[in-house]
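Worksheet: the structure to be examined is printed underneath.
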Amino acid sequence: MARATDVEKENLQDDDGLGLEADDDTAHQISHDPWYQVGFVLTTGVNSAYVLGYSGSIMVPLGWVAGTTGLVLAAAISLYANALLARLHEVGGKRHIRYRDLAGHIYGRKIYALTWALQYVNLFMINTGYIILAGQALKAVYVLYTDDHVLKLPYCIAIAGIVCAMFAFGIPHLSALRIWLGVSTILSLIYIIIAFVLSIRDGVNSPVRDYNIPGSHNSKIFNTIGAVASLVFAYNTGMLPEIQATVKPPVIKNMEKALWFQFTIGVLPLYAVTFMGYWAYGSVTSTYLLNSVKGPVWVKTMANIAAFLQTVIALHPLSRRFVFRHN
């Protein structure tokens, strides 16, 4: 199986035409992709099947005011932080193509090691969440047709993990996604539009909803903490320098274009399905919105299959960090 080109001290050009030195090897191709492809990579992550859970995991614990404010504020903070990080990509005459390289250049060897550990813990948790989510989508398809409970959720998660690993091995590096980004966009639109339309129909036909925050005092505290954690995660990949490494020069300007694409056009589907789901079902909204909507079985099947397949694609940039070891 082909692997991305190893890069060792590759000379690159910055915005002013000066030679920049890249760090050592990576699983991605350096300076290979246009900004809009990177924008779609970021948007694919933002609009992964996780968006089907934000109505229940963010809006239900926080309510209309705090939930809406939190989503907008988290987007603004994330855009600022990511844009600032993107501008640090070229420091000291070198392109820092990994988080730990940048941290080590600024703070030293100890912070390099700490950043390496924290990033991998973060990516491990995100990968695990994606695989569980894909398994949940498979399970949702199964229960639409039978309630014998023979195919249990852990089995679905195991199947999802195998499929994700096979896809990661089959696509050698981030730049090779290309057509798969278009497929991912179509899959995202399928489950988002279905969830959005069915939520509207259910909301119009249902009685008055209860938007009070449910639970006891202690459960509200823990649910709020969980909602804030979801807000922090919603817009961030955990590997921005690695993604920026694939952008064609000028890397800073092009990465800023990709970020603005992500945080303007890219977040609109997320907002649409999150707010509509909460509007339709109120405080009883499921943490997987497709479990709340009512509609034809074939339509819900198509939405869940699309969510499963899109999760496999969206996981790819993160799973590559674990499929191959980087020194």
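Going by the structure tokens order, chains are called A, B, ..., each with residues numbered from 1, while ligands are numbered from 1 in the order shown.
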
Restrict the calculation to only C-alpha atoms, then for each residue of segment 245-301 of chain A with any atom at most 12 Å from an atom of segment 179-191 of chain A give the closest atom pair and their distance in Å to one decimal, rows by chain and rising residue number, as a Markdown table.
```
| residue | atom | partner | partner_atom | distance |
| --- | --- | --- | --- | --- |
| A:Gly266 | CA | A:Thr185 | CA | 10.4 |
| A:Leu268 | CA | A:Leu189 | CA | 11.4 |
| A:Pro269 | CA | A:Leu189 | CA | 8.1 |
| A:Leu270 | CA | A:Ser188 | CA | 10.1 |
| A:Ala272 | CA | A:Leu189 | CA | 11.4 |
| A:Val273 | CA | A:Tyr191 | CA | 9.6 |
| A:Tyr288 | CA | A:Tyr191 | CA | 11.7 |
| A:Leu289 | CA | A:Tyr191 | CA | 10.1 |
| A:Leu290 | CA | A:Tyr191 | CA | 8.6 |
| A:Val293 | CA | A:Tyr191 | CA | 11.6 |
| A:Val299 | CA | A:Tyr191 | CA | 9.3 |
| A:Lys300 | CA | A:Tyr191 | CA | 8.5 |
| A:Thr301 | CA | A:Tyr191 | CA | 9.8 |
```

With C-alpha atoms retained, export the selected residues as a PDB file, in the first residue's frame.
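Produced file again13.pdb, reproduced below:
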```
ATOM      1  CA  GLY A 266     -19.658  25.207   7.112  1.00  0.00           C
ATOM      2  CA  LEU A 268     -24.893  26.485   8.971  1.00  0.00           C
ATOM      3  CA  PRO A 269     -26.032  22.832   8.729  1.00  0.00           C
ATOM      4  CA  LEU A 270     -24.912  22.274  12.334  1.00  0.00           C
ATOM      5  CA  ALA A 272     -30.013  24.209  11.449  1.00  0.00           C
ATOM      6  CA  VAL A 273     -30.315  20.646  12.703  1.00  0.00           C
ATOM      7  CA  TYR A 288     -29.158  10.915  18.807  1.00  0.00           C
ATOM      8  CA  LEU A 289     -31.781  12.963  16.977  1.00  0.00           C
ATOM      9  CA  LEU A 290     -32.747  10.223  14.510  1.00  0.00           C
ATOM     10  CA  VAL A 293     -37.880  11.780  14.627  1.00  0.00           C
ATOM     11  CA  VAL A 299     -36.223   7.420   5.049  1.00  0.00           C
ATOM     12  CA  LYS A 300     -34.860   6.863   8.545  1.00  0.00           C
ATOM     13  CA  THR A 301     -32.839   3.916   7.249  1.00  0.00           C
TER      14      THR A 301
END
```

Quiz item: Excluding same-chain residues fewer than 6 positions from segment 303-311 of chain A, what lies within 10 Å of it counting only C-alpha atoms, as a PyMOL selection string?
Solution: chain A and resi 44-45+47-50+52+130-142+160+163-164+180-181+183-195+290-291+297

Exercise. May I ask which of the residues A:Leu88, A:Leu123, A:Val251, A:Ile159 is the closest one to Asp33 of chain A, counting only C-alpha atoms?
Key: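 Among A:Leu88, A:Leu123, A:Val251, A:Ile159, it is A:Val251 that comes nearest to Asp33 of chain A.
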
Show which residues sit within 7 Å of Ala258 of chain A, as an mmCIF file with N, CA, C and O atoms, in the first residue's frame. Count only C-alpha atoms, and ignore same-chain residues fewer than 5 positions away.
```
data_model
loop_
_atom_site.group_PDB
_atom_site.id
_atom_site.type_symbol
_atom_site.label_atom_id
_atom_site.label_comp_id
_atom_site.auth_asym_id
_atom_site.auth_seq_id
_atom_site.Cartn_x
_atom_site.Cartn_y
_atom_site.Cartn_z
ATOM 1 N N TRP A 35 -6.919 25.533 -0.814
ATOM 2 C CA TRP A 35 -7.562 25.907 0.444
ATOM 3 C C TRP A 35 -8.982 25.375 0.558
ATOM 4 O O TRP A 35 -9.433 25.015 1.659
ATOM 5 N N TYR A 36 -9.698 25.292 -0.568
ATOM 6 C CA TYR A 36 -11.085 24.845 -0.484
ATOM 7 C C TYR A 36 -11.189 23.360 -0.158
ATOM 8 O O TYR A 36 -12.161 22.923 0.478
ATOM 9 N N VAL A 38 -9.096 21.836 1.891
ATOM 10 C CA VAL A 38 -8.889 21.834 3.333
ATOM 11 C C VAL A 38 -10.143 22.349 4.043
ATOM 12 O O VAL A 38 -10.526 21.847 5.110
ATOM 13 N N GLY A 39 -10.806 23.355 3.444
ATOM 14 C CA GLY A 39 -12.056 23.842 4.012
ATOM 15 C C GLY A 39 -13.097 22.755 4.099
ATOM 16 O O GLY A 39 -13.841 22.650 5.095
#
```

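Atom CA of Ala81 of chain A is found 21.0 Å from atom CA of Pro249 of chain A.
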
Self-check item: Shell around Leu114 of chain A at 12 Å using only C-alpha atoms, local window under 4 positions removed, as a list in words
Solution: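 Once the adjacent positions are removed, what remains is Tyr99, Arg100, Asp101, Ala103, Gly104, Tyr107, Gly108, Arg109, Lys110, Leu118, Gln119, Tyr120 and Val121 of chain A.
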
Write the selection just made, keeping C-alpha atoms, as an mmCIF file, in the first residue's frame?
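This is the output file part-v8.cif:
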```
data_model
loop_
_atom_site.group_PDB
_atom_site.id
_atom_site.type_symbol
_atom_site.label_atom_id
_atom_site.label_comp_id
_atom_site.auth_asym_id
_atom_site.auth_seq_id
_atom_site.Cartn_x
_atom_site.Cartn_y
_atom_site.Cartn_z
ATOM 1 C CA TYR A 99 1.232 20.385 17.272
ATOM 2 C CA ARG A 100 4.130 18.968 19.222
ATOM 3 C CA ASP A 101 6.716 20.484 16.860
ATOM 4 C CA ALA A 103 5.025 23.489 21.142
ATOM 5 C CA GLY A 104 8.564 22.178 21.334
ATOM 6 C CA TYR A 107 8.476 26.016 24.990
ATOM 7 C CA GLY A 108 11.122 23.303 24.819
ATOM 8 C CA ARG A 109 11.441 19.519 24.941
ATOM 9 C CA LYS A 110 9.282 18.879 28.011
ATOM 10 C CA LEU A 118 -2.231 15.202 25.380
ATOM 11 C CA GLN A 119 -2.893 15.279 21.639
ATOM 12 C CA TYR A 120 -2.924 11.517 21.376
ATOM 13 C CA VAL A 121 -5.230 11.198 24.389
#
```

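By only C-alpha atoms, and with residues fewer than 3 positions from Ile243 of chain A along its chain excluded, the set lying at most 8 Å from it is A:Val38, A:Leu174, A:Met239, A:Leu240, A:Thr246, A:Val247.
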
Exercise. Excluding Val228 of chain A and residues on its chain fewer than 4 positions from it, collect all residues at most 9 Å away from it, counting only C-alpha atoms, and give them as a VMD selection string.
Key: chain A and resid 58 62 70 223 to 224 232 to 233

How would the residues just picked look written out with C-alpha atoms as a PDB file, in the first residue's frame?
```pdb
ATOM      1  CA  ILE A  58     -26.072  20.857  24.349  1.00  0.00           C
ATOM      2  CA  LEU A  62     -28.466  24.575  28.662  1.00  0.00           C
ATOM      3  CA  GLY A  70     -22.751  28.947  23.919  1.00  0.00           C
ATOM      4  CA  ASN A 223     -25.118  17.721  32.292  1.00  0.00           C
ATOM      5  CA  THR A 224     -24.034  21.355  32.026  1.00  0.00           C
ATOM      6  CA  VAL A 232     -15.394  22.970  23.086  1.00  0.00           C
ATOM      7  CA  PHE A 233     -15.223  19.882  20.890  1.00  0.00           C
TER       8      PHE A 233
END
```

Quiz item: Please, what distance in Å, to one decimal, runs between atom CA of Leu259 of chain A and atom CA of His96 of chain A?
Solution: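 Computed distance, atom CA of Leu259 of chain A to atom CA of His96 of chain A, equals 18.0 Å.
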
Practice problem: Would you mind writing down, as an NGL selection string, each residue of segment 4-226 of chain A that DSSP on the backbone assigns to alpha helix (DSSP H)? | Solution: :A and (35-46 or 54 or 60-87 or 99-107 or 109-145 or 153-170 or 179-205 or 217-226)

How would the residues just picked look written out with C-alpha atoms as a CSV table (one decimal), in the first residue's frame?
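This is the output file out-v4.csv:
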```csv
chain,number,residue,atom,x,y,z
A,35,TRP,CA,-7.6,25.9,0.4
A,36,TYR,CA,-11.1,24.8,-0.5
A,37,GLN,CA,-10.2,21.2,-0.2
A,38,VAL,CA,-8.9,21.8,3.3
A,39,GLY,CA,-12.1,23.8,4.0
A,40,PHE,CA,-14.1,20.8,3.1
A,41,VAL,CA,-12.0,18.6,5.4
A,42,LEU,CA,-12.7,20.9,8.3
A,43,THR,CA,-16.4,21.2,7.3
A,44,THR,CA,-16.7,17.4,7.1
A,45,GLY,CA,-15.5,17.2,10.7
A,46,VAL,CA,-17.8,19.9,11.9
A,54,TYR,CA,-26.1,18.5,19.9
A,60,VAL,CA,-31.4,20.3,26.5
A,61,PRO,CA,-29.0,20.9,29.4
A,62,LEU,CA,-28.5,24.6,28.7
A,63,GLY,CA,-31.8,25.7,27.2
A,64,TRP,CA,-32.5,28.2,24.5
A,65,VAL,CA,-30.6,31.3,25.8
A,66,ALA,CA,-27.4,29.6,27.2
A,67,GLY,CA,-27.4,26.9,24.5
A,68,THR,CA,-27.6,29.4,21.6
A,69,THR,CA,-25.2,31.8,23.2
A,70,GLY,CA,-22.8,28.9,23.9
A,71,LEU,CA,-22.8,27.7,20.3
A,72,VAL,CA,-22.2,31.2,18.9
A,73,LEU,CA,-19.5,32.1,21.5
A,74,ALA,CA,-17.7,28.8,21.1
A,75,ALA,CA,-17.6,29.3,17.3
A,76,ALA,CA,-16.2,32.8,17.7
A,77,ILE,CA,-13.5,31.7,20.2
A,78,SER,CA,-12.6,28.6,18.1
A,79,LEU,CA,-12.3,30.7,15.0
A,80,TYR,CA,-10.0,33.2,16.8
A,81,ALA,CA,-7.9,30.4,18.4
A,82,ASN,CA,-7.5,28.4,15.2
A,83,ALA,CA,-6.7,31.5,13.2
A,84,LEU,CA,-4.0,32.4,15.7
A,85,LEU,CA,-2.6,28.9,15.6
A,86,ALA,CA,-2.6,29.0,11.8
A,87,ARG,CA,-0.5,32.2,11.9
A,99,TYR,CA,1.2,20.4,17.3
A,100,ARG,CA,4.1,19.0,19.2
A,101,ASP,CA,6.7,20.5,16.9
A,102,LEU,CA,5.3,24.0,17.4
A,103,ALA,CA,5.0,23.5,21.1
A,104,GLY,CA,8.6,22.2,21.3
A,105,HIS,CA,9.9,25.1,19.3
A,106,ILE,CA,8.3,27.7,21.6
A,107,TYR,CA,8.5,26.0,25.0
A,109,ARG,CA,11.4,19.5,24.9
A,110,LYS,CA,9.3,18.9,28.0
A,111,ILE,CA,6.3,20.7,26.6
A,112,TYR,CA,6.9,18.9,23.3
A,113,ALA,CA,6.5,15.5,25.1
A,114,LEU,CA,3.5,16.8,27.1
A,115,THR,CA,1.7,18.1,23.9
A,116,TRP,CA,2.4,14.8,22.2
A,117,ALA,CA,0.8,12.9,25.0
A,118,LEU,CA,-2.2,15.2,25.4
A,119,GLN,CA,-2.9,15.3,21.6
A,120,TYR,CA,-2.9,11.5,21.4
A,121,VAL,CA,-5.2,11.2,24.4
A,122,ASN,CA,-7.5,13.7,22.8
A,123,LEU,CA,-7.5,12.0,19.4
A,124,PHE,CA,-8.0,8.6,21.0
A,125,MET,CA,-11.2,9.9,22.7
A,126,ILE,CA,-12.4,11.5,19.5
A,127,ASN,CA,-11.7,8.3,17.6
A,128,THR,CA,-13.5,6.3,20.2
A,129,GLY,CA,-16.5,8.6,20.0
A,130,TYR,CA,-16.7,8.4,16.2
A,131,ILE,CA,-16.7,4.6,16.3
A,132,ILE,CA,-19.3,4.4,19.0
A,133,LEU,CA,-21.4,6.9,17.0
A,134,ALA,CA,-21.1,4.8,13.8
A,135,GLY,CA,-22.1,1.7,15.8
A,136,GLN,CA,-25.1,3.6,17.2
A,137,ALA,CA,-26.2,4.4,13.6
A,138,LEU,CA,-25.9,0.7,12.6
A,139,LYS,CA,-27.9,-0.3,15.7
A,140,ALA,CA,-30.6,2.3,14.8
A,141,VAL,CA,-30.9,0.7,11.4
A,142,TYR,CA,-31.3,-2.7,12.9
A,143,VAL,CA,-34.0,-1.8,15.4
A,144,LEU,CA,-36.1,-0.2,12.6
A,145,TYR,CA,-36.7,-3.7,11.2
A,153,LEU,CA,-24.7,-2.3,20.4
A,154,PRO,CA,-21.2,-3.6,21.3
A,155,TYR,CA,-21.3,-5.8,18.2
A,156,CYS,CA,-22.3,-2.8,16.0
A,157,ILE,CA,-19.5,-0.8,17.5
A,158,ALA,CA,-17.0,-3.6,16.7
A,159,ILE,CA,-18.3,-3.8,13.1
A,160,ALA,CA,-17.9,0.0,12.8
A,161,GLY,CA,-14.4,-0.1,14.1
A,162,ILE,CA,-13.4,-2.7,11.5
A,163,VAL,CA,-14.9,-0.7,8.7
A,164,CYS,CA,-13.2,2.5,9.9
A,165,ALA,CA,-9.8,0.7,10.1
A,166,MET,CA,-10.2,-0.7,6.6
A,167,PHE,CA,-11.1,2.7,5.2
A,168,ALA,CA,-8.1,4.3,6.9
A,169,PHE,CA,-5.7,1.6,5.4
A,170,GLY,CA,-7.3,2.1,2.0
A,179,ILE,CA,-13.6,12.6,-4.1
A,180,TRP,CA,-14.4,11.2,-0.7
A,181,LEU,CA,-14.9,14.8,0.6
A,182,GLY,CA,-17.6,15.2,-2.0
A,183,VAL,CA,-19.2,11.9,-1.0
A,184,SER,CA,-19.0,13.0,2.7
A,185,THR,CA,-20.7,16.3,1.9
A,186,ILE,CA,-23.5,14.4,0.2
A,187,LEU,CA,-23.9,12.0,3.1
A,188,SER,CA,-23.9,14.9,5.6
A,189,LEU,CA,-26.7,16.6,3.6
A,190,ILE,CA,-28.7,13.4,3.5
A,191,TYR,CA,-29.0,12.9,7.3
A,192,ILE,CA,-29.1,16.6,8.1
A,193,ILE,CA,-31.9,17.3,5.7
A,194,ILE,CA,-33.9,14.3,6.7
A,195,ALA,CA,-33.5,15.1,10.4
A,196,PHE,CA,-34.3,18.8,9.7
A,197,VAL,CA,-37.4,18.0,7.7
A,198,LEU,CA,-38.8,15.3,9.9
A,199,SER,CA,-38.2,17.5,13.0
A,200,ILE,CA,-40.2,20.3,11.4
A,201,ARG,CA,-43.0,18.0,10.6
A,202,ASP,CA,-43.0,16.5,14.1
A,203,GLY,CA,-42.8,20.0,15.7
A,204,VAL,CA,-45.7,21.4,13.7
A,205,ASN,CA,-47.9,18.4,14.5
A,217,HIS,CA,-29.8,19.8,40.9
A,218,ASN,CA,-26.8,17.5,40.8
A,219,SER,CA,-27.7,16.0,37.3
A,220,LYS,CA,-28.1,19.5,35.9
A,221,ILE,CA,-24.6,20.4,37.1
A,222,PHE,CA,-23.0,17.3,35.5
A,223,ASN,CA,-25.1,17.7,32.3
A,224,THR,CA,-24.0,21.4,32.0
A,225,ILE,CA,-20.4,20.3,32.3
A,226,GLY,CA,-20.9,17.8,29.6
```

Self-check item: Two-atom distance - atom CA of Ser55 of chain A, atom CA of Thr285 of chain A (Å)
Solution: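 A separation of 6.6 Å between them.
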